[in-house]
Every structure is written in C-alpha cells, then in structure tokens.
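**Student:** So that we are looking at the same thing, I have put the structure below in structure tokens.
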Amino acid sequence: MTSMVPLLLVAALAGPAAASAQDWPDFRGPDGQGHSTARGVPLDWSESRNIAWKSPVPGRGWSTPIVSGDRVWLTTAVEDRGVSLRALAYDTATGREVVNVEIFRTRSGSGLHPKNTRASPSPIVEGDRVYVHFGAAGTAALTTAGEIVWKTQFAYESQHGAGGSPVLYGDVLILSCDGSDTAFVVALDKRTGKTRWKTSRRQPWDQAYTTPLVIRAADRDQVVSVGAFRAASYDPQSGKEIWRVSYGDGFSNVPRPVFGNDLVYITTGFFQPEILAVRADGSGDVTKTHVQWSLRRAAPLTPSPILVGHELYVVTDNGIASCVDAATGALVWQRRLNGTFSASPVFADGRIYFLAEDGVATVIAPGREFSQLAVNRLDGATLASMALSSSAIYIRSATHLYRIEQR
C-alpha cells in the first residue's frame, strides 16, 4: 500500500531502530500504527485449528503481546497480599514461560474502569532492554534476562487506571501522563530513567489514556500526544510544543493517533467522539486553520483507527465498522461486526483484522467495497490488541496467550 513506505520509514528513523521488521516491538507494531510486514499469517483459526500453542497467563492484564526475537513479552498484575506488577516473557517456539519478575508492588483498591486492569500499557523491547509502564504506579527498564536496570515514578490521579503505553525516540522514552490533578508529557533517558524534559499540558486538565506517536512532518520529527480537550505536537528532543488543536468536548481519550497523507488522525474521546484530520505543518493553535476534516458519525471511543492506502478504517466500541476516505472524510461504507470492541485493528498480508472483546476476530479485505473474508472465535475475553510476527498471530485472552499459525 502506498502509505506504508513513509510510515515504516518514520518508524525506522525515530522508533525502536534495533527491532527486526518481523518483530512487534510496541503497542501497535513496528510503525506504531498497526501495520505488519508479516506474510503467510493465517486467515482462519479456532480453539482446534491453527493453534501452535496456548499458554496460561497469571494475573490480569490487557497489554499487547510484544514480540522480539525468540520471546513474547507481556505485563500482568497478580493479586498477592496487594498487587504484584510483573513482566513476563514466553518462548515463541514453545510457549514456555522464561521470565516472570516483579517490577513494582502496590496496594489493592478501587479506581479501575471495569474493562481496565493494572497492567494495560504495553511494553517496548529494543535490543536487550525491555521498558514497562504501569501509569502512576511506575515505569522501569529491565534486561531481557529479567534484571531490573532502573525504576521511576510520576504521581498523578487517574480515575480509571493506566491505559497509554510509552514510545521510544532515539535515546528517550516518552510518556503521556494525563490526570485530573495534573497533566504532562515527559521524556526519560532510556539508559538511566532520569527525566530529560517534562512539558505541562495547558489547563483545563482531565484524564486521558493515550499512547504518543512519533511522526516526520514539515521536515521535522514530532511526537503527537492526545490529551483531554486538546492534542499537541512536541519536539521529541526538547519537549517544546510545536502545534496544538483543541476540541471542547473530549476527555478520557484512548485511541492512538495515526498519520499519513500529511494528516494526523485524532479521536477526541467522551462524550461525543469525533475524528479530526489535522495537517501537521502548523505552529501554535491550529484549531481554526489546520483541521482538514472532521467526522462524528461512527467515531470510536477505544479502538485506534488504521490507515491503509487512501482509506481510514475505524470500528466503534459497539461494533460499527466504517471505511472513510482519508483525504476528505467522506464515508465509503459502513457495516456492523459481531461483538463489542476495545482492541485496535491490525493490517497484515493484505488483510485487516478486527478483534472483538468476546474472542471473535473478523477479517476483511481493505477496499472501497466491504469484503468479509473470515470470522474466527477463541474462548474467553480479548481486550488486548493482536501482535504479528513472521507468519504468526499472537492473541492474549483473559487467561491465556495464543500463538496462531497455519498448521
């Protein structure tokens, strides 16, 4: 697809550069936007078909499986005289657990959305380092052998727990921290965990649960971070704000933005979600000057969009899938899928995969006509996004981790 070349180039320049093209190194893969170069991935599966292995996962968590080399990484929260926040790794060939280490320990308590867990942000793997984030409970780096390198913590009040994952840029790890008491974006030295820069959001504050995205636009690197009531682009080296776009009714944002065709696609959150297509070549407040189009109909609250070619694909939490012309915002088609959705869609091998919360995955062919290719089912809840590597799909359920491969 024509949009994939610049997207993958951005990831190679600014993202986890050491990752193999076959790896899935962070929440939305090697380009940060749900695209994979994997080939030969299965079209259909079930509990008795195309399952290479299925391994139990202790505790609760909705972090995406992160694939690097011969290991799959997850985070989880185990109730054990409090809550043990842990990093896990599994052997990709066998599904055998090879790392299980406690990173932080916190108290049990309320304060989580019913769909959330204390281990929902996804890890990042780069070389021999694994970066894990548990929101206000803490952020850490460990070796791939499970030895903790550094730990740090930033206090902020999050109504529903942690949701957003970190992103790597060069030698810094960048986090969005959006609470009801304070809100900021912070960059940590990935070697030491020390703060390199910290930029406060403009008031008013409110909670958001998003993952930043590094892009290359207007001849400069930018990190786009979506927050309550506004999204902003920052210089990833200094934290200086480049541009911002405001939306008066939008908080508790979850979807990660996507970028292509010189536009950043942003989802504004509660109460009335809206998709904004924003030109990324502005400075200062670009609300009145750089919004190319906006769309309220069928905008998601939780799943991130996916851009394939000249079309943007979204699915709402209640299962309405839409294809939108990425340049104009015109609705191309709309269909109801089975189930409700939290996971973000992925694109691989010429197909788009949508994973519902009840273990049902709908596979379609991208294009301006709706074309359903398969509907697959696994047991249990599935709110974590898929990962793809080589010819395999990795899916995390409430209780297990699956490697799905053509058998």
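As shown in the structure tokens, the chain order sets the letters A, B, ...; within each chain, residues go from 1, and ligands are also counted from 1 in the order they appear.
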At most 12 Å is the cut-off: for each residue in region 105-164 of chain A with any atom that close to an atom of region 284-305 of chain A, write down the nearest atom pair and the distance in Å rounded to one decimal, counting only C-alpha atoms, chain first then increasing number, as a tab-separated table.

**Tutor:**
```
residue	atom	partner	partner_atom	distance
A:Lys115	CA	A:Thr302	CA	10.9
A:Asn116	CA	A:Thr302	CA	11.5
A:Gly163	CA	A:Thr302	CA	10.4
A:Gly164	CA	A:Thr302	CA	11.3
```

**Student:** Sort by chain and increasing residue number a table of all residues of region 241-309 of chain A within 8 Å of region 192-209 of chain A, each with its closest pair of atoms and their distance in Å to one decimal, counting only C-alpha atoms, and write it as a tab-separated table.

**Tutor:**
```
residue	atom	partner	partner_atom	distance
A:Phe251	CA	A:Ala208	CA	6.1
A:Ser252	CA	A:Ala208	CA	4.2
A:Asn253	CA	A:Ala208	CA	4.8
A:Val254	CA	A:Tyr209	CA	4.9
```

**Student:** Store the residues picked out above, limited to C-alpha atoms, as a PDB file, in the first residue's frame.

**Tutor:**
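out02.pdb, freshly written:
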```
ATOM      1  CA  PHE A 251     -11.677  13.660  27.507  1.00  0.00           C
ATOM      2  CA  SER A 252     -10.870  10.106  28.637  1.00  0.00           C
ATOM      3  CA  ASN A 253      -9.248   9.691  25.225  1.00  0.00           C
ATOM      4  CA  VAL A 254      -7.909   6.215  24.446  1.00  0.00           C
TER       5      VAL A 254
END
```

**Student:** What's around Arg39 (chain A) at 8 Å? Count only C-alpha atoms, leave out sequence neighbours fewer than 2 positions away in its own chain, and write the answer as JSON, numbers by chain.

**Tutor:** {"A": [37, 41, 348, 349, 390, 391]}

**Student:** Could you please take those selected residues and save all heavy atoms as an mmCIF file, in the first residue's frame?

**Tutor:**
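Contents of selection.cif, as written:
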```cif
data_model
loop_
_atom_site.group_PDB
_atom_site.id
_atom_site.type_symbol
_atom_site.label_atom_id
_atom_site.label_comp_id
_atom_site.auth_asym_id
_atom_site.auth_seq_id
_atom_site.Cartn_x
_atom_site.Cartn_y
_atom_site.Cartn_z
ATOM 1 N N THR A 37 4.683 -6.364 8.296
ATOM 2 C CA THR A 37 5.188 -6.914 7.034
ATOM 3 C C THR A 37 5.097 -8.435 7.003
ATOM 4 O O THR A 37 5.579 -9.068 6.073
ATOM 5 C CB THR A 37 6.648 -6.492 6.813
ATOM 6 O OG1 THR A 37 7.438 -6.941 7.925
ATOM 7 C CG2 THR A 37 6.771 -4.980 6.700
ATOM 8 N N VAL A 41 0.398 -15.245 7.260
ATOM 9 C CA VAL A 41 -0.339 -15.343 8.527
ATOM 10 C C VAL A 41 -1.697 -15.995 8.260
ATOM 11 O O VAL A 41 -2.256 -15.875 7.163
ATOM 12 C CB VAL A 41 -0.519 -13.958 9.174
ATOM 13 C CG1 VAL A 41 0.821 -13.375 9.576
ATOM 14 C CG2 VAL A 41 -1.244 -12.997 8.244
ATOM 15 N N ALA A 348 -2.110 -6.873 7.915
ATOM 16 C CA ALA A 348 -1.008 -7.753 7.517
ATOM 17 C C ALA A 348 -1.438 -8.605 6.349
ATOM 18 O O ALA A 348 -2.604 -9.036 6.274
ATOM 19 C CB ALA A 348 -0.579 -8.656 8.683
ATOM 20 N N ASP A 349 -0.501 -8.868 5.451
ATOM 21 C CA ASP A 349 -0.731 -9.815 4.351
ATOM 22 C C ASP A 349 -1.965 -9.442 3.528
ATOM 23 O O ASP A 349 -2.712 -10.307 3.072
ATOM 24 C CB ASP A 349 -0.879 -11.231 4.918
ATOM 25 C CG ASP A 349 -0.269 -12.281 3.989
ATOM 26 O OD1 ASP A 349 0.219 -11.911 2.911
ATOM 27 O OD2 ASP A 349 -0.289 -13.465 4.361
ATOM 28 N N SER A 390 6.627 -12.705 11.920
ATOM 29 C CA SER A 390 6.888 -13.776 10.957
ATOM 30 C C SER A 390 5.555 -14.211 10.355
ATOM 31 O O SER A 390 4.852 -13.401 9.790
ATOM 32 C CB SER A 390 7.645 -14.928 11.615
ATOM 33 O OG SER A 390 8.888 -14.473 12.105
ATOM 34 N N SER A 391 5.170 -15.462 10.516
ATOM 35 C CA SER A 391 3.900 -15.929 9.947
ATOM 36 C C SER A 391 2.866 -16.208 11.030
ATOM 37 O O SER A 391 1.897 -16.918 10.790
ATOM 38 C CB SER A 391 4.141 -17.213 9.137
ATOM 39 O OG SER A 391 4.708 -18.225 9.960
#
```

**Student:** In Å, how far is it from CA of Leu263 (chain A) to CA of Ile215 (chain A)?

**Tutor:**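 Interatomic distance here is 10.3 Å.
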
**Student:** Distance CA of Ile266 (chain A)-CA of Asp249 (chain A), one decimal place?

**Tutor:**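 Going from CA of Ile266 (chain A) over to CA of Asp249 (chain A) covers 13.5 Å.
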